[in-house]
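Novice: Next comes the structure file upload_38.txt, holding compact mmCIF, C-alpha atoms.
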```txt
# COMPACT_ATOMS: atom_id res chain seq x y z
CA MET A 2 0.00 0.00 0.00
CA VAL A 3 2.84 2.39 0.73
CA ARG A 4 4.13 2.01 -2.83
CA ASP A 5 0.77 1.98 -4.65
CA ARG A 6 -1.13 4.32 -2.31
CA GLN A 7 -4.30 2.36 -2.92
CA PRO A 8 -6.76 0.89 -0.40
CA LEU A 9 -6.16 -2.71 0.57
CA LEU A 10 -8.61 -5.52 1.29
CA CYS A 11 -7.13 -8.77 2.60
CA ALA A 12 -9.35 -11.74 3.48
CA ALA A 13 -6.77 -13.45 5.71
CA THR A 14 -3.40 -12.17 6.85
CA LYS A 15 -0.35 -14.36 7.34
CA PRO A 16 1.20 -14.84 10.79
CA GLY A 17 3.47 -11.89 11.55
CA GLN A 18 2.03 -9.73 8.77
CA LEU A 19 0.36 -7.36 11.23
CA PRO A 20 3.16 -5.89 13.36
CA TYR A 21 0.84 -4.59 16.09
CA TYR A 22 0.01 -8.12 17.30
CA GLU A 23 2.48 -9.86 19.57
CA GLY A 24 3.06 -13.48 18.78
CA GLY A 25 2.52 -13.17 15.03
CA ARG A 26 -1.26 -13.55 14.94
CA GLY A 27 -2.55 -14.33 11.46
CA GLY A 28 -5.75 -15.29 9.73
CA VAL A 29 -7.62 -12.06 10.39
CA ALA A 30 -9.21 -9.95 7.67
CA LEU A 31 -7.66 -6.54 7.04
CA VAL A 32 -8.83 -3.35 5.39
CA ALA A 33 -6.47 -0.37 5.13
CA VAL A 34 -6.51 2.99 3.36
CA PRO A 35 -3.70 5.48 2.89
CA LEU A 36 -3.90 8.97 4.42
CA ILE A 37 -2.65 11.21 1.62
CA GLU A 38 -2.22 14.96 2.08
CA HIS A 39 -1.09 17.11 -0.84
CA GLY A 40 0.31 14.05 -2.61
CA HIS A 41 2.28 12.85 0.43
CA LEU A 42 1.52 9.68 2.36
CA ARG A 43 0.95 10.80 5.97
CA GLY A 44 -0.19 7.48 7.40
CA ILE A 45 -2.39 4.44 7.04
CA LEU A 46 -5.79 3.88 8.64
CA ALA A 47 -6.30 0.15 9.19
CA ALA A 48 -8.88 -2.14 10.75
CA ASP A 49 -8.93 -5.89 11.23
CA ARG A 50 -11.40 -8.51 12.44
CA GLU A 51 -12.23 -12.18 12.17
CA ALA A 52 -14.89 -11.77 9.43
CA PRO A 53 -13.89 -10.60 5.94
CA PHE A 54 -14.42 -6.96 4.98
CA THR A 55 -16.47 -5.85 1.97
CA GLU A 56 -15.84 -3.11 -0.55
CA ALA A 57 -18.48 -1.08 1.31
CA ASP A 58 -16.36 -1.42 4.48
CA ARG A 59 -13.34 -0.21 2.53
CA ASP A 60 -15.30 2.78 1.23
CA LEU A 61 -16.49 3.60 4.76
CA LEU A 62 -12.91 3.53 6.04
CA ALA A 63 -11.84 5.75 3.12
CA ASP A 64 -14.53 8.27 4.15
CA ALA A 65 -13.27 8.09 7.73
CA SER A 66 -9.70 8.70 6.55
CA ALA A 67 -10.83 11.91 4.84
CA GLN A 68 -12.34 13.05 8.15
CA VAL A 69 -9.13 12.18 9.99
CA LEU A 70 -7.13 14.30 7.54
CA ARG A 71 -9.52 17.24 8.00
CA VAL A 72 -9.11 17.05 11.77
CA VAL A 73 -5.32 16.93 11.47
CA GLN A 74 -5.34 19.90 9.08
CA SER A 75 -7.60 21.87 11.43
CA GLU A 76 -5.23 21.16 14.31
CA GLN A 77 -2.28 22.33 12.20
CA VAL A 78 -4.07 25.60 11.42
CA PHE A 79 -4.98 26.07 15.08
CA ARG A 80 -1.35 25.54 16.14
CA ALA A 81 -0.12 27.98 13.49
CA VAL A 82 -2.56 30.63 14.75
CA GLU A 83 -1.47 30.02 18.35
CA ARG A 84 2.20 30.37 17.41
CA ALA A 85 1.46 33.58 15.51
CA LYS A 86 -0.15 35.11 18.61
```
Could you quickly redo this structure as structure tokens?

Specialist:
Amino acid sequence: MVRDRQPLLCAATKPGQLPYYEGGRGGVALVAVPLIEHGHLRGILAADREAPFTEADRDLLADASAQVLRVVQSEQVFRAVERAK
């Protein structure tokens, strides 16, 4: 995803593929979308669960990622205004 900057749907991950699980848990479904701001990858919003995700789930997470970016941008503007004071 980092290279292609495209959303990812994975029906079952391999053990160790998700670095945030200790012990190399695998077999969970994953959906992830890139957080792109002005052409730059700022992060990845990911969710996993036992049941597979659908394209509608992916689209919902993409909508949520847009909201996350708006909140981050608002915070950046707020900090800039505070520094300017």

Novice: Let me make sure I understand: among A:Leu10, A:His39, A:Gln18, A:Gly25, which one has the smallest atom-to-atom distance to Ala57 in chain A if we use only C-alpha atoms?

Specialist: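 Going through A:Leu10, A:His39, A:Gln18, A:Gly25 one by one, the smallest distance to Ala57 in chain A is for A:Leu10.
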
Novice: Considering all atoms listed in the file, return as a list in words whatever protein or nucleic-acid residues lie within 12 Å of Ala65 in chain A, sequence-local ones (same chain, fewer than 3 positions apart) excluded.

Specialist: Ala33, Val34, Pro35, Leu36, Ile45, Leu46, Ala47, Ala48, Asp58, Arg59, Asp60, Leu61, Leu62, Gln68, Val69, Leu70, Arg71 and Val72 of chain A

Novice: Quick one: distance from CA of Arg80 in chain A to CA of Gly40 in chain A in Å, one decimal?

Specialist: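 Computing it gives 22.1 Å between the two atoms.
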
Novice: Find the distance between CA of Asp49 in chain A and CA of Glu76 in chain A and write it in Å to one decimal.

Specialist: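 Spanning CA of Asp49 in chain A to CA of Glu76 in chain A is a straight-line distance of 27.5 Å.
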
Novice: Out of A:Val29, A:Leu9, A:Ile37, A:Met2, which residue has the shortest atom-to-atom distance to Ala67 in chain A when counting all atoms listed in the file?

Specialist: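 Of all the options, A:Ile37 lies closest to Ala67 in chain A.
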